[in-house]
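Enquirer: Just so it is clear, I am handing over coords.cif, which has mmCIF, C-alpha atoms.
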```
data_model
loop_
_atom_site.label_atom_id
_atom_site.label_comp_id
_atom_site.auth_asym_id
_atom_site.auth_seq_id
_atom_site.Cartn_x
_atom_site.Cartn_y
_atom_site.Cartn_z
CA MET T 6 -20.59 25.68 -2.62
CA PRO T 7 -19.87 26.50 1.05
CA ASP T 8 -19.07 30.13 1.82
CA LEU T 9 -15.47 31.17 2.41
CA THR T 10 -15.61 30.76 6.19
CA GLN T 11 -17.20 27.33 6.00
CA PHE T 12 -14.73 26.26 3.32
CA ALA T 13 -11.80 27.43 5.48
CA LEU T 14 -13.15 25.37 8.38
CA TYR T 15 -13.49 22.35 6.12
CA PHE T 16 -9.97 22.72 4.76
CA ALA T 17 -8.53 23.06 8.26
CA ALA T 18 -10.43 20.01 9.51
CA ALA T 19 -9.47 17.95 6.44
CA PHE T 20 -5.82 18.96 6.86
CA LEU T 21 -5.75 17.93 10.51
CA LEU T 22 -7.38 14.61 9.66
CA ALA T 23 -4.91 14.05 6.82
CA ILE T 24 -1.86 14.42 9.06
CA THR T 25 -3.35 12.38 11.90
CA PRO T 26 -1.77 8.89 11.88
CA GLY T 27 -4.29 6.34 10.68
CA PRO T 28 -4.53 3.08 8.70
CA GLY T 29 -3.67 4.79 5.40
CA ILE T 30 -0.49 6.36 6.74
CA PHE T 31 0.58 3.13 8.43
CA TYR T 32 -0.04 1.16 5.22
CA VAL T 33 2.06 3.56 3.11
CA ALA T 34 4.84 3.51 5.71
CA ALA T 35 4.80 -0.29 5.75
CA ARG T 36 4.89 -0.48 1.95
CA THR T 37 7.79 2.00 1.82
CA LEU T 38 9.82 0.12 4.42
CA ALA T 39 9.20 -3.08 2.50
CA GLY T 40 9.88 -1.88 -1.03
CA GLY T 41 11.44 1.57 -0.97
CA ARG T 42 10.46 5.15 -1.75
CA ALA T 43 9.15 4.51 -5.26
CA GLU T 44 6.76 1.84 -4.04
CA GLY T 45 5.66 4.04 -1.15
CA ILE T 46 4.84 6.95 -3.44
CA ALA T 47 3.06 4.62 -5.87
CA SER T 48 1.01 3.25 -2.96
CA SER T 49 0.16 6.81 -1.90
CA PHE T 50 -1.29 7.63 -5.28
CA GLY T 51 -3.01 4.25 -5.35
CA THR T 52 -4.76 4.85 -2.04
CA GLY T 53 -5.65 8.32 -3.31
CA LEU T 54 -7.40 6.84 -6.34
CA GLY T 55 -9.08 4.30 -4.08
CA GLY T 56 -10.31 7.19 -1.93
CA MET T 57 -11.79 8.86 -4.99
CA VAL T 58 -13.75 5.67 -5.65
CA HIS T 59 -15.46 6.23 -2.29
CA VAL T 60 -16.00 9.92 -3.04
CA LEU T 61 -17.72 9.07 -6.33
CA ALA T 62 -19.74 6.29 -4.68
CA GLY T 63 -20.74 8.64 -1.89
CA SER T 64 -21.86 11.38 -4.27
CA LEU T 65 -24.02 8.86 -6.17
CA GLY T 66 -25.52 7.33 -3.05
CA VAL T 67 -23.86 3.93 -3.49
CA SER T 68 -21.88 4.16 -0.25
CA ALA T 69 -25.05 4.87 1.73
CA ILE T 70 -26.60 1.70 0.33
CA VAL T 71 -23.54 -0.37 1.30
CA LEU T 72 -23.43 1.05 4.82
CA ALA T 73 -27.16 0.55 5.27
CA SER T 74 -26.81 -3.16 4.55
CA ALA T 75 -25.11 -5.24 7.23
CA GLU T 76 -24.47 -8.00 4.69
CA LEU T 77 -22.84 -5.73 2.09
CA PHE T 78 -20.74 -3.93 4.71
CA THR T 79 -19.53 -7.22 6.19
CA ALA T 80 -18.72 -8.70 2.78
CA LEU T 81 -16.73 -5.65 1.69
CA LYS T 82 -14.77 -5.34 4.93
CA LEU T 83 -13.90 -9.06 4.98
CA ILE T 84 -12.67 -8.95 1.38
CA GLY T 85 -10.56 -5.91 2.21
CA ALA T 86 -9.28 -7.49 5.42
CA LEU T 87 -8.29 -10.74 3.70
CA TYR T 88 -6.52 -8.78 0.98
CA LEU T 89 -4.48 -6.84 3.53
CA VAL T 90 -3.60 -9.99 5.45
CA TRP T 91 -2.50 -11.68 2.22
CA LEU T 92 -0.31 -8.69 1.29
CA GLY T 93 1.24 -8.73 4.75
CA PHE T 94 1.92 -12.46 4.66
CA ARG T 95 3.51 -12.18 1.23
CA THR T 96 5.69 -9.28 2.41
CA PHE T 97 6.74 -11.24 5.49
CA GLN T 98 7.62 -14.32 3.45
CA SER T 99 9.67 -12.37 0.92
CA ALA T 100 11.74 -10.66 3.63
CA ARG T 101 14.14 -13.55 4.13
CA ARG T 102 14.54 -14.15 0.40
CA GLU T 103 15.55 -10.51 -0.12
CA ALA T 104 17.94 -10.59 2.84
CA LYS T 105 19.55 -13.75 1.49
CA THR T 106 20.05 -12.08 -1.89
CA MET T 107 21.87 -9.19 -0.25
CA LEU T 108 24.10 -11.54 1.73
CA GLU T 109 25.07 -13.25 -1.51
CA GLY T 110 26.14 -9.93 -2.99
CA GLY T 111 23.00 -9.15 -4.94
CA THR T 112 21.20 -5.82 -5.03
CA LEU T 113 18.02 -5.04 -3.17
CA SER T 114 15.16 -4.99 -5.63
CA PRO T 115 11.67 -3.57 -5.10
CA ALA T 116 9.43 -6.01 -3.27
CA VAL T 117 6.63 -5.86 -5.82
CA GLY T 118 7.41 -2.94 -8.16
CA THR T 119 5.68 0.42 -8.48
CA GLY T 120 2.93 -0.78 -10.83
CA ARG T 121 1.72 -3.47 -8.49
CA ALA T 122 2.20 -1.21 -5.45
CA PHE T 123 -0.10 1.34 -7.11
CA ARG T 124 -2.76 -1.26 -7.94
CA GLU T 125 -2.60 -2.74 -4.46
CA GLY T 126 -3.00 0.73 -2.95
CA VAL T 127 -6.14 1.28 -5.02
CA LEU T 128 -7.65 -2.02 -3.87
CA VAL T 129 -6.66 -1.59 -0.22
CA GLU T 130 -8.47 1.75 -0.03
CA ALA T 131 -11.40 0.92 -2.31
CA LEU T 132 -12.18 -2.25 -0.30
CA ASN T 133 -12.24 -0.37 3.00
CA PRO T 134 -15.86 0.49 3.92
CA LYS T 135 -14.61 2.58 6.85
CA THR T 136 -13.39 5.14 4.30
CA ALA T 137 -16.89 5.31 2.80
CA ALA T 138 -18.35 5.80 6.28
CA PHE T 139 -15.87 8.61 6.98
CA PHE T 140 -16.77 10.56 3.86
CA LEU T 141 -20.51 10.16 4.46
CA ALA T 142 -20.18 11.37 8.04
CA PHE T 143 -17.69 14.19 7.45
CA ILE T 144 -18.39 15.88 4.12
CA PRO T 145 -22.18 16.48 4.39
CA GLN T 146 -21.56 18.79 7.36
CA PHE T 147 -20.01 21.30 4.92
CA VAL T 148 -22.34 20.87 1.94
CA ASN T 149 -24.49 23.89 1.11
CA LEU T 150 -28.10 22.84 0.52
CA GLY T 151 -29.21 26.28 -0.66
CA ALA T 152 -29.57 25.36 -4.35
CA GLY T 153 -32.85 25.51 -6.24
CA HIS T 154 -35.24 22.57 -6.20
CA VAL T 155 -34.46 21.41 -9.75
CA ALA T 156 -30.68 21.51 -9.33
CA LEU T 157 -30.58 20.44 -5.67
CA GLN T 158 -29.45 16.83 -6.11
CA PHE T 159 -26.89 17.70 -8.79
CA MET T 160 -25.39 20.52 -6.73
CA VAL T 161 -25.18 18.39 -3.59
CA ALA T 162 -23.42 15.62 -5.53
CA LEU T 163 -21.04 18.14 -7.13
CA GLN T 164 -20.17 19.72 -3.78
CA PHE T 165 -19.61 16.28 -2.28
CA MET T 166 -17.20 15.38 -5.08
CA VAL T 167 -15.25 18.67 -4.88
CA LEU T 168 -14.89 18.52 -1.10
CA GLY T 169 -14.03 14.83 -1.27
CA PHE T 170 -11.35 15.52 -3.88
CA ILE T 171 -9.79 18.14 -1.59
CA SER T 172 -9.74 15.69 1.33
CA VAL T 173 -8.24 12.90 -0.79
CA THR T 174 -5.58 15.27 -2.16
CA LEU T 175 -4.54 16.31 1.35
CA ASN T 176 -4.42 12.66 2.43
CA THR T 177 -2.27 11.78 -0.58
CA VAL T 178 0.18 14.61 0.08
CA ALA T 179 0.49 13.46 3.70
CA ASP T 180 1.07 9.89 2.55
CA VAL T 181 3.81 10.99 0.14
CA VAL T 182 5.56 12.86 2.97
CA VAL T 183 5.36 9.69 5.07
CA ALA T 184 6.81 7.69 2.17
CA PHE T 185 9.83 10.01 1.99
CA ALA T 186 10.32 9.83 5.76
CA ALA T 187 10.05 6.03 5.83
CA SER T 188 12.44 5.72 2.89
CA ARG T 189 15.12 7.56 4.88
CA ILE T 190 14.80 4.95 7.60
CA ARG T 191 15.10 2.23 5.01
CA GLN T 192 18.11 3.86 3.34
CA GLY T 193 19.82 4.05 6.71
CA ALA T 194 19.59 0.27 6.90
CA ALA T 195 20.90 -0.29 3.35
CA GLY T 196 23.62 -2.90 3.19
CA ARG T 197 22.57 -4.54 6.45
CA ALA T 198 20.67 -7.65 5.46
CA SER T 199 19.41 -8.46 8.94
CA THR T 200 18.00 -4.96 9.45
CA ILE T 201 16.33 -4.94 6.05
CA ARG T 202 14.80 -8.32 6.83
CA ARG T 203 13.44 -7.08 10.15
CA LEU T 204 12.01 -3.95 8.52
CA ARG T 205 10.21 -6.02 5.92
CA GLU T 206 8.97 -8.52 8.46
CA ALA T 207 7.67 -5.66 10.61
CA SER T 208 6.01 -4.17 7.52
CA GLY T 209 4.30 -7.46 6.78
CA CYS T 210 3.10 -7.74 10.38
CA ALA T 211 1.77 -4.17 10.22
CA MET T 212 -0.30 -4.99 7.11
CA ILE T 213 -1.64 -8.14 8.78
CA ALA T 214 -2.58 -6.11 11.86
CA LEU T 215 -4.37 -3.53 9.69
CA GLY T 216 -6.30 -6.33 8.01
CA MET T 217 -7.31 -7.85 11.35
CA GLY T 218 -8.39 -4.43 12.58
CA LEU T 219 -10.58 -4.00 9.52
CA ALA T 220 -12.06 -7.48 9.96
CA ILE T 221 -13.40 -6.66 13.43
CA ALA T 222 -14.62 -3.16 12.53
CA LYS T 223 -18.28 -2.55 13.29
CA ARG T 224 -20.73 -0.99 10.89
CA PRO T 225 -21.10 2.69 11.86
CA ALA T 226 -24.47 4.26 12.51
CA LEU T 227 -24.75 7.28 10.23
#
```
Since I need it in another form, could you write the structure as structure tokens?

Expert:
Amino acid sequence: MPDLTQFALYFAAAFLLAITPGPGIFYVAARTLAGGRAEGIASSFGTGLGGMVHVLAGSLGVSAIVLASAELFTALKLIGALYLVWLGFRTFQSARREAKTMLEGGTLSPAVGTGRAFREGVLVEALNPKTAAFFLAFIPQFVNLGAGHVALQFMVALQFMVLGFISVTLNTVADVVVAFAASRIRQGAAGRASTIRRLREASGCAMIALGMGLAIAKRPAL
């Protein structure tokens, strides 16, 4: 494992990256504004699990294979982009139905429910090849290659997984904080059907924008 100084540098860098606004934070905020705190938190843990998929794939060398192939990278990013656009469109379409329910005296129900929000979070993150590229570019800088020849590959993979888990945990904590903050905004609009509708429409548009951004992403050179 990295020495204490190197580990401290890694933790500091991972923390700063976790709190820097990015696609993951914007997605969780959009999901929270659309469906409430519970859905936002579920999405946070979902994206966390999706991030661990990339950590495992990176430690086994699968991510490197995907990123080395233009065809595989393009296929994965387009699937992920289409999925995000579909989620955004569905959120946008449901906004008016929910607002109408509130006007008729009904209660505001979760847009999709926590179970689906969790599963969607997993897929959104797991289908994002940019996350795989990030881990492959960032984590190896802090991996200690000083193991013996026989155990070298195993130790490198183990270090990659441990450091990746730390990064994913920090990202998840940051996402949960964002979910709580976004839920306060949503609660402030409770009882105002037009405001709730606009929040959900904006959330849907944000997801569509994230999908379009992923669709035009270029394959990084590692």

Enquirer: Build an axis-aligned box that encloses every atom of stretch 215-221 of chain T listed in the file, pad it by 6 Å on each side, and report its centre and edge lengths in Å to one decimal, as AutoDock Vina command-line options.

Expert:
```
--center_x -8.9 --center_y -5.7 --center_z 10.7 --size_x 21.0 --size_y 16.3 --size_z 17.4
```

Enquirer: Which residues fall under the PyMOL selection byres ((chain T and resi 69) around 12) in this file, as a PyMOL selection string?

Expert: chain T and resi 59-68+70-75+77-78+134-142+224-227

Enquirer: Find the residues around T:Ala86 up to 8 Å (only C-alpha atoms counted), leave out those fewer than 4 positions away in its own chain, and share them as a count of residues only.

Expert: 8

Enquirer: Name the closest residue to T:Leu83 among the candidates T:Met166, T:Val129, T:Leu204, T:Ala186; distances are taken between atoms, counting only C-alpha atoms.

Expert: T:Val129

Enquirer: When distances are computed from all atoms listed in the file, which of T:Leu175, T:Val127, T:Val33, T:Val148 shows the smallest separation from T:Gln11?

Expert: T:Val148

Enquirer: Which residue is closest to T:Glu44? Choose from T:Val178, T:Ile144, T:Ile213, T:Ala122 and count all atoms listed in the file.

Expert: T:Ala122

Enquirer: Restricting the calculation to only C-alpha atoms: of T:Leu128, T:Arg121, T:Gly29, T:Val167, which residue gets closest to T:Leu87?

Expert: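 Closest to T:Leu87, using only C-alpha atoms: T:Leu128.
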
Enquirer: Please measure the separation of atom CA of T:Thr25 and atom CA of T:Ala162, giving the value in Å to one decimal.

Expert: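 One can read the atom CA of T:Thr25 to atom CA of T:Ala162 distance as 26.8 Å.
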
Enquirer: Run the PyMOL selection byres ((chain T and resi 209) around 10) against the file shown and list the residues it catches, as a PyMOL selection string.

Expert: chain T and resi 32+35-36+38-39+89-100+203-208+210-215

Enquirer: Quick one: apply the PyMOL selection byres ((chain T and resi 147) around 9) to the file and drop the selected residues here as a PDB file with C-alpha atoms, in the coordinates of the input.

Expert:
```pdb
ATOM      1  CA  MET T   6     -20.590  25.680  -2.620  1.00  0.00           C
ATOM      2  CA  PRO T   7     -19.870  26.500   1.050  1.00  0.00           C
ATOM      3  CA  GLN T  11     -17.200  27.330   6.000  1.00  0.00           C
ATOM      4  CA  PHE T  12     -14.730  26.260   3.320  1.00  0.00           C
ATOM      5  CA  LEU T  14     -13.150  25.370   8.380  1.00  0.00           C
ATOM      6  CA  TYR T  15     -13.490  22.350   6.120  1.00  0.00           C
ATOM      7  CA  PHE T 143     -17.690  14.190   7.450  1.00  0.00           C
ATOM      8  CA  ILE T 144     -18.390  15.880   4.120  1.00  0.00           C
ATOM      9  CA  PRO T 145     -22.180  16.480   4.390  1.00  0.00           C
ATOM     10  CA  GLN T 146     -21.560  18.790   7.360  1.00  0.00           C
ATOM     11  CA  VAL T 148     -22.340  20.870   1.940  1.00  0.00           C
ATOM     12  CA  ASN T 149     -24.490  23.890   1.110  1.00  0.00           C
ATOM     13  CA  GLN T 164     -20.170  19.720  -3.780  1.00  0.00           C
ATOM     14  CA  PHE T 165     -19.610  16.280  -2.280  1.00  0.00           C
ATOM     15  CA  LEU T 168     -14.890  18.520  -1.100  1.00  0.00           C
TER      16      LEU T 168
END
```

Enquirer: Output as a compact mmCIF listing (two decimals), keeping the file's coordinate frame: stretch 60-71 of chain T, completed with all heavy atoms.

Expert:
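Writing done, so here's result10.txt:
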```txt
# COMPACT_ATOMS: atom_id res chain seq x y z
N VAL T 60 -15.40 8.60 -2.84
CA VAL T 60 -16.00 9.92 -3.04
C VAL T 60 -17.07 9.85 -4.12
O VAL T 60 -18.19 10.36 -3.95
CB VAL T 60 -14.93 10.96 -3.41
CG1 VAL T 60 -15.59 12.28 -3.83
CG2 VAL T 60 -13.99 11.21 -2.23
N LEU T 61 -16.74 9.21 -5.23
CA LEU T 61 -17.72 9.07 -6.33
C LEU T 61 -18.92 8.25 -5.87
O LEU T 61 -20.07 8.62 -6.14
CB LEU T 61 -17.04 8.41 -7.53
CG LEU T 61 -17.94 8.16 -8.76
CD1 LEU T 61 -18.48 9.49 -9.28
CD2 LEU T 61 -17.16 7.44 -9.85
N ALA T 62 -18.64 7.14 -5.17
CA ALA T 62 -19.74 6.29 -4.68
C ALA T 62 -20.61 7.05 -3.69
O ALA T 62 -21.83 6.90 -3.69
CB ALA T 62 -19.17 5.03 -4.04
N GLY T 63 -19.97 7.87 -2.85
CA GLY T 63 -20.74 8.64 -1.89
C GLY T 63 -21.61 9.69 -2.55
O GLY T 63 -22.76 9.90 -2.15
N SER T 64 -21.08 10.34 -3.57
CA SER T 64 -21.86 11.38 -4.27
C SER T 64 -23.04 10.79 -5.02
O SER T 64 -24.06 11.46 -5.22
CB SER T 64 -20.95 12.14 -5.24
OG SER T 64 -20.54 11.30 -6.32
N LEU T 65 -22.94 9.52 -5.43
CA LEU T 65 -24.02 8.86 -6.17
C LEU T 65 -24.97 8.08 -5.27
O LEU T 65 -25.94 7.50 -5.74
CB LEU T 65 -23.42 7.91 -7.22
CG LEU T 65 -22.58 8.57 -8.32
CD1 LEU T 65 -21.97 7.51 -9.23
CD2 LEU T 65 -23.41 9.56 -9.12
N GLY T 66 -24.65 8.03 -3.98
CA GLY T 66 -25.52 7.33 -3.05
C GLY T 66 -25.21 5.86 -2.88
O GLY T 66 -25.89 5.16 -2.11
N VAL T 67 -24.19 5.36 -3.57
CA VAL T 67 -23.86 3.93 -3.49
C VAL T 67 -23.32 3.58 -2.10
O VAL T 67 -23.67 2.54 -1.53
CB VAL T 67 -22.83 3.55 -4.57
CG1 VAL T 67 -22.42 2.08 -4.43
CG2 VAL T 67 -23.40 3.81 -5.96
N SER T 68 -22.46 4.43 -1.56
CA SER T 68 -21.88 4.16 -0.25
C SER T 68 -22.95 4.06 0.83
O SER T 68 -22.86 3.23 1.74
CB SER T 68 -20.88 5.26 0.13
OG SER T 68 -19.77 5.25 -0.74
N ALA T 69 -23.97 4.91 0.74
CA ALA T 69 -25.05 4.87 1.73
C ALA T 69 -25.78 3.54 1.68
O ALA T 69 -26.18 3.00 2.72
CB ALA T 69 -26.02 6.02 1.47
N ILE T 70 -25.93 3.00 0.48
CA ILE T 70 -26.60 1.70 0.33
C ILE T 70 -25.76 0.59 0.97
O ILE T 70 -26.27 -0.28 1.68
CB ILE T 70 -26.84 1.38 -1.16
CG1 ILE T 70 -27.83 2.39 -1.76
CG2 ILE T 70 -27.36 -0.04 -1.34
CD1 ILE T 70 -28.02 2.25 -3.24
N VAL T 71 -24.44 0.64 0.73
CA VAL T 71 -23.54 -0.37 1.30
C VAL T 71 -23.55 -0.31 2.82
O VAL T 71 -23.65 -1.34 3.51
CB VAL T 71 -22.11 -0.18 0.77
CG1 VAL T 71 -21.14 -1.10 1.51
CG2 VAL T 71 -22.05 -0.45 -0.72
```
